[in-house]
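Asker: Sharing a structure below in C-alpha cells format, with a few things to ask.
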Protein chains: 2
Amino acid sequence: MEIDVERLKEIVGEKNVRDNIADLYVYGSDSSVHEANPSVVVRPETIEEVQEIVRYANAELIPVIARGAGSGASGHTVPIDGGIVMDLKRINRILAIRPRDILCKVEPGVVWDDLNRALQPYGLWFPSAPESGRIATIGGAIANNGSGVRAIKYGTMRDYVLGMKVVLANGDLVTLGADTRAQASGYQLDRLIVGSEGTLGIIVEATLLLRHLPKFRAMGMAKFNKLEDAGETISDIVASEVTPSLLELVDDIAITALNKTLNMNLPQVEAIVVYECDGRLKEAVNYDMETIKEVCEKHNAFGIEMGSDAKEMERIYSGRKKLFAALSRYREGFVCTSLADDMAVPSSKIAECARKIHEIGERNHVVMNAYGHCGIGLLHTKILMEATRKEQWENARRAVEEVYDYVRSVGGTTSGEHGIAISKAPSWKKEKADSLQMMKAIKMALDPNNILNPHKLMDAPDDWVTATKLRYPVEL
Amino acid sequence: MEIDVERLKEIVGEKNVRDNIADLYVYGSDSSVHEANPSVVVRPETIEEVQEIVRYANAELIPVIARGAGSGASGHTVPIDGGIVMDLKRINRILAIRPRDILCKVEPGVVWDDLNRALQPYGLWFPSAPESGRIATIGGAIANNGSGVRAIKYGTMRDYVLGMKVVLANGDLVTLGADTRAQASGYQLDRLIVGSEGTLGIIVEATLLLRHLPKFRAMGMAKFNKLEDAGETISDIVASEVTPSLLELVDDIAITALNKTLNMNLPQVEAIVVYECDGRLKEAVNYDMETIKEVCEKHNAFGIEMGSDAKEMERIYSGRKKLFAALSRYREGFVCTSLADDMAVPSSKIAECARKIHEIGERNHVVMNAYGHCGIGLLHTKILMEATRKEQWENARRAVEEVYDYVRSVGGTTSGEHGIAISKAPSWKKEKADSLQMMKAIKMALDPNNILNPHKLMDAPDDWVTATKLRYPVEL
C-alpha cells in the first residue's frame with residue numbers, strides 16, 4: 001500500500017494532512033487497549049472532500065478509518081493495517097434546529113454536549129448522553145448506536161436517527177431516511193448504518209429527532225448490603241409501571257473508587273442504586289419516585305435519600321460521569337481497561353449477572369466491577385489490573401471469555417452501547433455465528449474492496465489480546 | 001417456471017398445498033388494487049417446512065411470496081409473476097410471555113389483537129394497533145414496519161422488535177438481535193429486515209418489547225370550521241411538551257362517510273381532531289388533556305368534548321377503526337382505493353398537506369380525503385372513484401403523482417406505515433433515487449436468485465396502474 005500524500009494535500013489542503021510520527025501516534029489509539037498507527041491522517045472540512053478522499057482510497061485499495069473523538073472503547077478507530085485515518089471533527093456544523101418539526105440536522109463532528117447547549121434555548125434536548133458526552137461526536141455515536149444513562153426512558157441512538165447522508169465506499173453520496181417520524185418506505189438503510197462502525201459508509205450528516213426538556217426532575221439513592229438485592233430491585237423497577245429516566249447500579253468497587261478519587265463520601269455498602277424520574281408535572285414525578293422507593297424497600301434498601309435539589313443531583317450525576325476516571329485510580333499500579341465493558345442481559349438477570357462478574361473477576365485474579373445503565377439491561381464493567389504483567393492479560397482473556405459465555409447463555413448480547421470493533425469481536429462472533437455470513441455478504445456488496453474500516457467486527461482477528469500492539473508496556 | 005406440486009405436498013402435507021382456481025384467486029389479491037394469481041399456495045406449520053420450501057424454490061428459481069393476513073394495501077403479497085404464495089398464518093404460537101423481561105416471543109402468524117388479549121392478564125400490551133389489528137399478523141406488520149393510532153407516543157414496529165429468526169433465500173435460518181433492550185452489537189440486521197417487505201428473508205419468529213397497560217385514559221374531540229386550523233392544532237400539539245397517546249385528524253369527507261354508514265352523528269364541520277392521553281396518574285392525564293384543549297382553542301376549535309368514559313371512548317375508537325369500510329360507501333358506485341394512502345410529512349406541514357390532498361383530488365376529478373395519525377406526520381388518504389371507468393384510473397395516476405411530488409418537496413416520505421410494494425413504487429423510486437443501487441446490491445447479496453417477493457420495491461414496474469391486472473372490471 002503506497003499512499004500519495006501530495007494527492008491528499010490537494011484535496012484537503014496541506015495543513016489538514018498529517019504524517020509526522022507524533023500525530024500518527026496520537027491517532028493510533030482510542031479509549032481501548034489497542035494501538036496501531038495510521039499511515040496518514042486527513043481532516044476534511046466538506047462532504048465533497050470526504051467523497052474525493054474515499055474515491056482515491058477505493059481506487060488505490062487503501063483502508064479509510066473514519067474517526068470522531070476517539071472515545072470508542074473497543075478499538076473502532078485503531079487502524080490495524082495502517083491506511084488513512086479520517087478525522088471528521090472539522091465537519092461539525094449544526095445545520096438546522098426545527099422546533100416545530102422536533103428535529104435537527106447536524107454534521108458528524110458535532111459534540112454531544114455542544115448540541116444540547118444549542119438546543120436548550122428552544123426548551124429541547126437530545127436525550128441520553130454518554131459518559132463521554134463532553135467529547136463524543138454525534139457521528140461516532142451513530143456509527144456505534146451509542147446511548148447513555150437516560151436510555152431507559154429515552155432510548156438509544158437508533159431511536160433518534162430519522163435520516164442521514166452517507167458517503168459509500170465508491171464515493172457516492174446517498175440520502176437515507178426522511179424528515180418524518182413515521183417511515184415505512186422500504187429498506188431502512190439508515191438503521192443498517194447505525195451500529196455498522198464505519199464499515200459500510202461514512203456518516204456525513206444526520207437528521208435527529210428531539211425531545212422537550214422535562215420540567216421537573218428528582219433523584220434518589222438507595223443503599224443495599226447485598227448486591228443481589230440491588231439487582232433484583234432494578235429488575236422489579238423495570239418490570240413495574242414506572243419508567244424512570246435513569247436507573248443505575250454502583251457496586252462496592254465503584255463506591256471505593258469514587259470515594260477515594262472524588263471524595264464523594266458514599267457509604268461503603270455492597271451496592272447503591274441511583275434513580276431519577278422526570279416529567280412535566282411535579283406530582284407525577286413524585287408519585288413515580290415513591291413507587292420506586294417502595295420497590296427498593298421491598299428489597300431491603302436503607303438510607304434512601306430523595307430530592308430534587310439541582311446542585312445535589314448534579315453532584316451525583318457528575319460523579320457518575322467521572323466513574324471511568326475514578327476507577328483508574330482504584331489501586332496503585334492498576335490500570336482501568338475497557339474489556340467486556342458493556343454487555344446487556346434480559347432485565348430479570350441483572351442481579352445474577354452482576355454477581356457473576358464479581359465471581360469471574362476473582363476466579364481469574366483481576367478486579368472486575370459491575371455498574372451501569374442496568375435499567376436497560378446494560379452492565380458496565382472494567383477490568384482493573386497491572387497492565388505490564390503478561391499473565392494479567394491471560395487472566396483478562398479468560399475472564400472476558402467467561403463473562404460472555406454467561407451473557408450468551410441467558411439470551412444477552414455482547415455490547416449494549418460501546419460496540420464490537422476489535423476487543424469484543426471474538427465473543428461476538430460466537431454470538432452471531434449464524435448471521436456472520438449474512439453480514440459479510442452485505443459488507444462485500446457495499447464495499448467490495450474492503451476499504452472501510454477493515455479488520456473490525458466479522459473481519460477482526462480471533463484473539464483480541466494479540467490483534468494489535470497493546471497500549472501498555474508489556475511483552476506478550 | 002415449473003412447480004413440482006407433489007414435492008411441496010411431501011413437505012407440508014397434501015391438504016396444505018392448494019392449486020385449485022378458487023384458492024389461487026383468493027390468494028391473488030390483498031387489500032390493494034392489484035391482482036395476479038399465484039401458481040400454488042402452501043401453508044407450512046413449522047420453521048423447518050419454511051426452510052425446505054425455500055430451499056426447493058431457490059434451487060428451481062421459483063418466486064416465494066410470504067403472506068400473513070393479506071391486509072397489505074400496496075400489493076405486497078400479490079405475486080406479479082406467479083410462484084409460491086406461502087401463507088404463514090398457521091405458524092402462529094405465542095411462544096413466551098416474560099413479564100419480568102418485558103418481552104414476548106411470537107411466531108409470525110400471531111394476530112395483533114390476539115397477542116394483546118393474551119398480554120392483558122399480565123397488565124401488559126403491545127402498543128399501537130393498525131386499523132386492521134383484528135386480522136393483521138405480527139409477521140406482516142414487521143415486514144412492513146406497521147404502526148397504528150398510538151405510534152405518536154409508543155412508536156412503530158421498528159421500535160419494538162428486539163430480535164427475530166429469519167429464513168434466508170438459501171433456506172438458512174438466522175437469529176438476529178437479542179433478548180435485551182440495549183443492543184450495540186454490530187450490524188442491526190433485524191432492523192434491516194423490518195420494512196423489507198419479504199424481499200430479504202421470511203420472518204419466522206420475533207422477540208418483541210412490551211409496555212404496561214396505562215392505568216388512565218381520557219379522550220377529547222375538537223371541531224374546526226377550517227381544515228387548516230385543525231392541521232395547525234396538530235402541529236402545535238406535537239411541538240408542545242405534551243405527548244398524547246393518539247392524535248388524529250378526521251376531515252369532512254370522512255365525517256360524511258362515518259355519519260352515513262355508522263350513524264355516528266358527528267357534526268358536519270371541515271375537520272375534527274381526536275386526541276387521547278394516557279398515564280398512571282389521573283391528574284397528569286387531565287393536565288395533559290387541558291394543555292391540548294388550550295392549543296385547540298388557540299386555533300378556533302369549538303364544541304370540545306373530553307371524557308374518560310370507557311364506552312364513549314370505545315365508540316369513537318371503533319368508529320375510527322371502521323373508517324376504511326365507511327369510506328367505501330361514501331358515494332353510490334364509488335370504490336375506496338388505497339392509493340397514495342399513507343404519506344408522511346414533517347409535523348409542521350400537516351395543514352398544508354391536508355389541504356393539498358383535497359385540492360389535488362378536486363383538480364383531478366377524484367375524491368381524496370385527509371385523515372390519520374397526523375401526530376407522527378402521517379396522513380392517510382383514500383381515492384374514491386368509479387373504478388370501472390378507465391379515465392378515473394388516469395385521473396388517479398395523476399393525483400397520486402402530484403401528491404407525492406408535494407410530499408418529497410417538503411422532506412416527507414412516500415409511506416408512513418403501509419409500505420411500498422407495487423402501488424407506491426414509482427413515486428418511492430424517485431424519493432430514493434440515490435440509494436436504489438445500494439438496495440439492489442443488498443438484495444442481490446442476500447437473494448442472488450431473486451426468489452423472495454420479486455418485482456416489489458426497487459424491482460417493481462414503473463407504472464402501478466398497469467403493473468398487474470386491476471381488481472376491478474375495467475379495460476385500460
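Chain labels A, B, ... are given in the sequence in which chains occur in the C-alpha cells; within each chain residues are numbered consecutively from 1, and ligands are likewise numbered from 1 in the order shown.
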Write out as a list in words the residues lying within 12 Å of B:Lys322, counting only C-alpha atoms and excluding same-chain residues fewer than 4 positions away.

Answerer: Pro130, Glu131, Ser132, Gly133, Arg134, Ala254, Ile255, Ala257, Leu258, Asn259, Thr261, Leu262, Met264, Arg315, Ile316, Tyr317, Ser318, Ala326, Leu327, Ser328 and Arg329 of chain B

Asker: Keeping only N, CA, C and O atoms, write the selected residues to a file as a compact mmCIF listing (two decimals), in the first residue's frame.

Answerer:
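Final file, selection-v8.txt:
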# COMPACT_ATOMS: atom_id res chain seq x y z
N PRO B 130 -52.78 -1.39 14.28
CA PRO B 130 -53.27 -0.92 12.99
C PRO B 130 -54.79 -1.04 12.96
O PRO B 130 -55.37 -1.81 13.73
N GLU B 131 -55.39 -0.27 12.08
CA GLU B 131 -56.83 -0.35 11.85
C GLU B 131 -57.24 -1.82 11.67
O GLU B 131 -58.31 -2.25 12.03
N SER B 132 -56.31 -2.59 11.08
CA SER B 132 -56.58 -3.98 10.73
C SER B 132 -56.13 -4.96 11.80
O SER B 132 -55.96 -6.15 11.53
N GLY B 133 -55.92 -4.47 13.05
CA GLY B 133 -55.40 -5.32 14.11
C GLY B 133 -56.19 -6.59 14.37
O GLY B 133 -55.68 -7.55 14.92
N ARG B 134 -57.44 -6.59 13.97
CA ARG B 134 -58.32 -7.75 14.15
C ARG B 134 -57.84 -8.93 13.29
O ARG B 134 -58.12 -10.08 13.61
N ALA B 254 -64.45 12.21 5.54
CA ALA B 254 -64.51 11.10 6.48
C ALA B 254 -65.71 11.24 7.41
O ALA B 254 -66.38 10.26 7.74
N ILE B 255 -65.99 12.48 7.83
CA ILE B 255 -67.15 12.72 8.71
C ILE B 255 -68.44 12.29 8.01
O ILE B 255 -69.27 11.57 8.57
N ALA B 257 -68.77 10.16 5.63
CA ALA B 257 -68.80 8.70 5.49
C ALA B 257 -69.17 8.02 6.80
O ALA B 257 -69.97 7.07 6.82
N LEU B 258 -68.60 8.51 7.89
CA LEU B 258 -68.88 7.89 9.20
C LEU B 258 -70.34 8.09 9.59
O LEU B 258 -70.99 7.17 10.10
N ASN B 259 -70.85 9.28 9.36
CA ASN B 259 -72.25 9.53 9.69
C ASN B 259 -73.19 8.68 8.85
O ASN B 259 -74.15 8.10 9.35
N THR B 261 -72.62 5.83 7.23
CA THR B 261 -72.52 4.39 7.36
C THR B 261 -72.75 3.90 8.77
O THR B 261 -73.38 2.87 9.00
N LEU B 262 -72.22 4.62 9.72
CA LEU B 262 -72.26 4.14 11.11
C LEU B 262 -73.18 4.97 11.99
O LEU B 262 -73.23 4.77 13.20
N MET B 264 -72.83 7.89 13.16
CA MET B 264 -72.05 8.35 14.31
C MET B 264 -72.48 9.73 14.78
O MET B 264 -72.10 10.18 15.85
N ARG B 315 -66.57 3.83 21.52
CA ARG B 315 -67.43 4.16 20.38
C ARG B 315 -66.64 4.97 19.34
O ARG B 315 -66.66 4.67 18.14
N ILE B 316 -65.93 5.98 19.82
CA ILE B 316 -65.15 6.82 18.91
C ILE B 316 -64.02 6.01 18.27
O ILE B 316 -63.80 6.04 17.07
N TYR B 317 -63.35 5.25 19.13
CA TYR B 317 -62.20 4.48 18.67
C TYR B 317 -62.62 3.44 17.63
O TYR B 317 -61.94 3.23 16.62
N SER B 318 -63.76 2.81 17.86
CA SER B 318 -64.17 1.77 16.91
C SER B 318 -64.69 2.41 15.62
O SER B 318 -64.60 1.83 14.54
N ALA B 326 -66.13 2.52 6.02
CA ALA B 326 -67.13 3.58 5.87
C ALA B 326 -66.90 4.39 4.60
O ALA B 326 -67.84 4.73 3.87
N LEU B 327 -65.63 4.68 4.32
CA LEU B 327 -65.32 5.48 3.13
C LEU B 327 -65.75 4.76 1.85
O LEU B 327 -66.06 5.39 0.84
N SER B 328 -65.77 3.44 1.91
CA SER B 328 -66.19 2.67 0.73
C SER B 328 -67.63 2.97 0.35
O SER B 328 -68.06 2.72 -0.77
N ARG B 329 -68.40 3.49 1.30
CA ARG B 329 -69.80 3.76 0.98
C ARG B 329 -70.08 5.26 0.90
O ARG B 329 -71.22 5.70 1.07

Asker: Excluding B:Asp87 and its own-chain neighbours fewer than 3 positions away, which residues fall within 7 Å of it when counting only C-alpha atoms? Please give them as a PyMOL selection string.

Answerer: chain B and resi 42-43+66-68

Asker: Which residues are near B:Gly140? Cut-off 9 Å, only C-alpha atoms, ignore same chain within fewer than 6 positions. Put them as a VMD selection string.

Answerer: chain B and resid 66 to 72 108 to 109 146 197 to 198 203

Asker: Can I get the selection written as a tab-separated table (two decimals), in the first residue's frame, with N, CA and C atoms?

Answerer:
chain	number	residue	atom	x	y	z
B	66	ALA	N	-44.10	-14.52	0.84
B	66	ALA	CA	-44.61	-14.76	2.19
B	66	ALA	C	-45.86	-13.90	2.40
B	67	ARG	N	-46.86	-14.48	3.06
B	67	ARG	CA	-48.13	-13.77	3.24
B	67	ARG	C	-48.68	-14.00	4.65
B	68	GLY	N	-49.13	-12.92	5.27
B	68	GLY	CA	-49.82	-13.03	6.55
B	68	GLY	C	-51.31	-12.99	6.30
B	69	ALA	N	-51.96	-11.89	6.73
B	69	ALA	CA	-53.41	-11.77	6.59
B	69	ALA	C	-53.83	-11.24	5.22
B	70	GLY	N	-52.87	-10.79	4.45
B	70	GLY	CA	-53.24	-10.18	3.16
B	70	GLY	C	-53.90	-8.83	3.34
B	71	SER	N	-53.60	-8.15	4.44
B	71	SER	CA	-54.20	-6.82	4.66
B	71	SER	C	-53.32	-5.69	4.13
B	72	GLY	N	-52.23	-6.04	3.47
B	72	GLY	CA	-51.35	-5.02	2.87
B	72	GLY	C	-52.10	-4.21	1.83
B	108	PRO	N	-44.82	-15.71	13.41
B	108	PRO	CA	-45.26	-14.63	12.52
B	108	PRO	C	-46.75	-14.56	12.28
B	109	GLY	N	-47.45	-15.70	12.44
B	109	GLY	CA	-48.88	-15.70	12.13
B	109	GLY	C	-49.77	-15.22	13.26
B	146	GLY	N	-45.16	-1.67	10.36
B	146	GLY	CA	-46.50	-1.16	10.66
B	146	GLY	C	-46.55	-0.39	11.97
B	197	GLU	N	-40.28	-6.00	3.44
B	197	GLU	CA	-41.44	-6.49	2.68
B	197	GLU	C	-41.23	-7.87	2.07
B	198	GLY	N	-40.61	-8.74	2.83
B	198	GLY	CA	-40.47	-10.13	2.37
B	198	GLY	C	-39.47	-10.33	1.26
B	203	ILE	N	-39.65	-13.87	7.95
B	203	ILE	CA	-39.64	-13.80	9.41
B	203	ILE	C	-40.42	-14.99	9.97

Asker: I need the residues in stretch 273-423 of chain B that are strand (DSSP E or B) according to DSSP; give them as a ChimeraX atom specification.

Answerer: /B:273-279,302-307,335-337,342-344,367-368,371-372,378-380,383-385,413

Asker: I need the residues from that last selection saved to file as a PDB file, in the first residue's frame (with N, CA and C atoms), if you can.

Answerer:
ATOM      1  N   VAL B 273     -60.506  17.013  15.291  1.00  0.00           N
ATOM      2  CA  VAL B 273     -59.269  16.445  15.830  1.00  0.00           C
ATOM      3  C   VAL B 273     -59.639  15.589  17.040  1.00  0.00           C
ATOM      4  N   VAL B 274     -59.218  14.342  16.997  1.00  0.00           N
ATOM      5  CA  VAL B 274     -59.453  13.428  18.123  1.00  0.00           C
ATOM      6  C   VAL B 274     -58.128  13.217  18.836  1.00  0.00           C
ATOM      7  N   TYR B 275     -58.148  13.315  20.147  1.00  0.00           N
ATOM      8  CA  TYR B 275     -56.900  13.097  20.891  1.00  0.00           C
ATOM      9  C   TYR B 275     -57.155  12.263  22.129  1.00  0.00           C
ATOM     10  N   GLU B 276     -56.102  11.638  22.586  1.00  0.00           N
ATOM     11  CA  GLU B 276     -56.192  10.788  23.774  1.00  0.00           C
ATOM     12  C   GLU B 276     -54.898  10.949  24.556  1.00  0.00           C
ATOM     13  N   CYS B 277     -55.005  10.975  25.869  1.00  0.00           N
ATOM     14  CA  CYS B 277     -53.805  10.938  26.707  1.00  0.00           C
ATOM     15  C   CYS B 277     -53.928   9.754  27.643  1.00  0.00           C
ATOM     16  N   ASP B 278     -52.810   9.174  28.006  1.00  0.00           N
ATOM     17  CA  ASP B 278     -52.860   8.090  28.982  1.00  0.00           C
ATOM     18  C   ASP B 278     -51.686   8.206  29.941  1.00  0.00           C
ATOM     19  N   GLY B 279     -51.771   7.492  31.032  1.00  0.00           N
ATOM     20  CA  GLY B 279     -50.707   7.544  32.035  1.00  0.00           C
ATOM     21  C   GLY B 279     -51.098   6.775  33.275  1.00  0.00           C
ATOM     22  N   PHE B 302     -64.067  24.542  18.502  1.00  0.00           N
ATOM     23  CA  PHE B 302     -65.300  24.741  19.282  1.00  0.00           C
ATOM     24  C   PHE B 302     -65.901  23.375  19.604  1.00  0.00           C
ATOM     25  N   GLY B 303     -66.839  23.424  20.531  1.00  0.00           N
ATOM     26  CA  GLY B 303     -67.541  22.191  20.893  1.00  0.00           C
ATOM     27  C   GLY B 303     -66.601  21.094  21.356  1.00  0.00           C
ATOM     28  N   ILE B 304     -65.583  21.508  22.129  1.00  0.00           N
ATOM     29  CA  ILE B 304     -64.627  20.494  22.594  1.00  0.00           C
ATOM     30  C   ILE B 304     -65.285  19.588  23.629  1.00  0.00           C
ATOM     31  N   GLU B 305     -65.226  18.307  23.385  1.00  0.00           N
ATOM     32  CA  GLU B 305     -65.748  17.336  24.360  1.00  0.00           C
ATOM     33  C   GLU B 305     -64.579  16.520  24.894  1.00  0.00           C
ATOM     34  N   MET B 306     -64.544  16.325  26.194  1.00  0.00           N
ATOM     35  CA  MET B 306     -63.489  15.478  26.759  1.00  0.00           C
ATOM     36  C   MET B 306     -64.129  14.529  27.754  1.00  0.00           C
ATOM     37  N   GLY B 307     -63.596  13.368  27.880  1.00  0.00           N
ATOM     38  CA  GLY B 307     -64.142  12.436  28.852  1.00  0.00           C
ATOM     39  C   GLY B 307     -63.288  11.206  28.979  1.00  0.00           C
ATOM     40  N   VAL B 335     -65.726   3.204  -5.427  1.00  0.00           N
ATOM     41  CA  VAL B 335     -64.969   2.311  -4.563  1.00  0.00           C
ATOM     42  C   VAL B 335     -63.896   3.128  -3.852  1.00  0.00           C
ATOM     43  N   CYS B 336     -63.423   2.553  -2.761  1.00  0.00           N
ATOM     44  CA  CYS B 336     -62.414   3.222  -1.933  1.00  0.00           C
ATOM     45  C   CYS B 336     -61.088   2.514  -2.176  1.00  0.00           C
ATOM     46  N   THR B 337     -60.152   3.184  -2.810  1.00  0.00           N
ATOM     47  CA  THR B 337     -58.883   2.540  -3.144  1.00  0.00           C
ATOM     48  C   THR B 337     -57.742   3.094  -2.289  1.00  0.00           C
ATOM     49  N   ASP B 342     -50.721   6.784   2.618  1.00  0.00           N
ATOM     50  CA  ASP B 342     -50.121   6.948   3.954  1.00  0.00           C
ATOM     51  C   ASP B 342     -48.808   7.715   3.922  1.00  0.00           C
ATOM     52  N   MET B 343     -48.767   8.772   3.156  1.00  0.00           N
ATOM     53  CA  MET B 343     -47.547   9.586   3.118  1.00  0.00           C
ATOM     54  C   MET B 343     -47.278  10.205   4.489  1.00  0.00           C
ATOM     55  N   ALA B 344     -46.017  10.505   4.741  1.00  0.00           N
ATOM     56  CA  ALA B 344     -45.677  11.225   5.976  1.00  0.00           C
ATOM     57  C   ALA B 344     -44.935  12.506   5.620  1.00  0.00           C
ATOM     58  N   VAL B 367     -62.258  11.859  -5.652  1.00  0.00           N
ATOM     59  CA  VAL B 367     -62.441  12.334  -4.282  1.00  0.00           C
ATOM     60  C   VAL B 367     -61.271  11.833  -3.436  1.00  0.00           C
ATOM     61  N   MET B 368     -60.561  12.759  -2.846  1.00  0.00           N
ATOM     62  CA  MET B 368     -59.458  12.383  -1.951  1.00  0.00           C
ATOM     63  C   MET B 368     -59.692  13.039  -0.609  1.00  0.00           C
ATOM     64  N   TYR B 371     -56.962  12.172   6.500  1.00  0.00           N
ATOM     65  CA  TYR B 371     -57.214  11.810   7.895  1.00  0.00           C
ATOM     66  C   TYR B 371     -55.990  11.053   8.378  1.00  0.00           C
ATOM     67  N   GLY B 372     -56.051  10.574   9.584  1.00  0.00           N
ATOM     68  CA  GLY B 372     -54.974   9.679  10.008  1.00  0.00           C
ATOM     69  C   GLY B 372     -54.169  10.141  11.196  1.00  0.00           C
ATOM     70  N   LEU B 378     -48.198  11.504   9.746  1.00  0.00           N
ATOM     71  CA  LEU B 378     -48.736  10.567   8.772  1.00  0.00           C
ATOM     72  C   LEU B 378     -50.151  10.961   8.365  1.00  0.00           C
ATOM     73  N   LEU B 379     -50.344  11.163   7.088  1.00  0.00           N
ATOM     74  CA  LEU B 379     -51.682  11.447   6.582  1.00  0.00           C
ATOM     75  C   LEU B 379     -52.170  10.283   5.742  1.00  0.00           C
ATOM     76  N   HIS B 380     -53.340   9.825   6.099  1.00  0.00           N
ATOM     77  CA  HIS B 380     -53.970   8.831   5.245  1.00  0.00           C
ATOM     78  C   HIS B 380     -54.829   9.552   4.224  1.00  0.00           C
ATOM     79  N   ILE B 383     -58.437   7.231  -2.352  1.00  0.00           N
ATOM     80  CA  ILE B 383     -59.016   7.820  -3.548  1.00  0.00           C
ATOM     81  C   ILE B 383     -60.347   7.110  -3.804  1.00  0.00           C
ATOM     82  N   LEU B 384     -61.403   7.906  -3.790  1.00  0.00           N
ATOM     83  CA  LEU B 384     -62.743   7.357  -4.011  1.00  0.00           C
ATOM     84  C   LEU B 384     -63.121   7.652  -5.454  1.00  0.00           C
ATOM     85  N   MET B 385     -63.487   6.597  -6.179  1.00  0.00           N
ATOM     86  CA  MET B 385     -63.741   6.807  -7.617  1.00  0.00           C
ATOM     87  C   MET B 385     -64.572   5.678  -8.202  1.00  0.00           C
ATOM     88  N   THR B 413     -41.951  11.477   3.206  1.00  0.00           N
ATOM     89  CA  THR B 413     -41.644  10.164   2.648  1.00  0.00           C
ATOM     90  C   THR B 413     -42.909   9.493   2.125  1.00  0.00           C
TER      91      THR B 413
END

Asker: Which polymer residues have any atom within 12 Å of an atom of A:Ile272, counting only C-alpha atoms, with same-chain residues fewer than 3 positions away left out, as a PyMOL selection string?

Answerer: chain A and resi 220-231+233-234+247-256+266-269+275+296+300-305+316+320+370-372

Asker: For chain A, which residue out of B:Gly75, B:Gly361, B:Gly177, B:Pro426 is the nearest one, using only C-alpha atoms?

Answerer: B:Gly177

Asker: With only C-alpha atoms as the atoms that count, which of B:Ala284, B:Leu436, B:Ala387, B:Ile193 lies nearest to B:Gly333?

Answerer: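 Between B:Ala284, B:Leu436, B:Ala387, B:Ile193, the residue approaching B:Gly333 most closely is B:Ala387.
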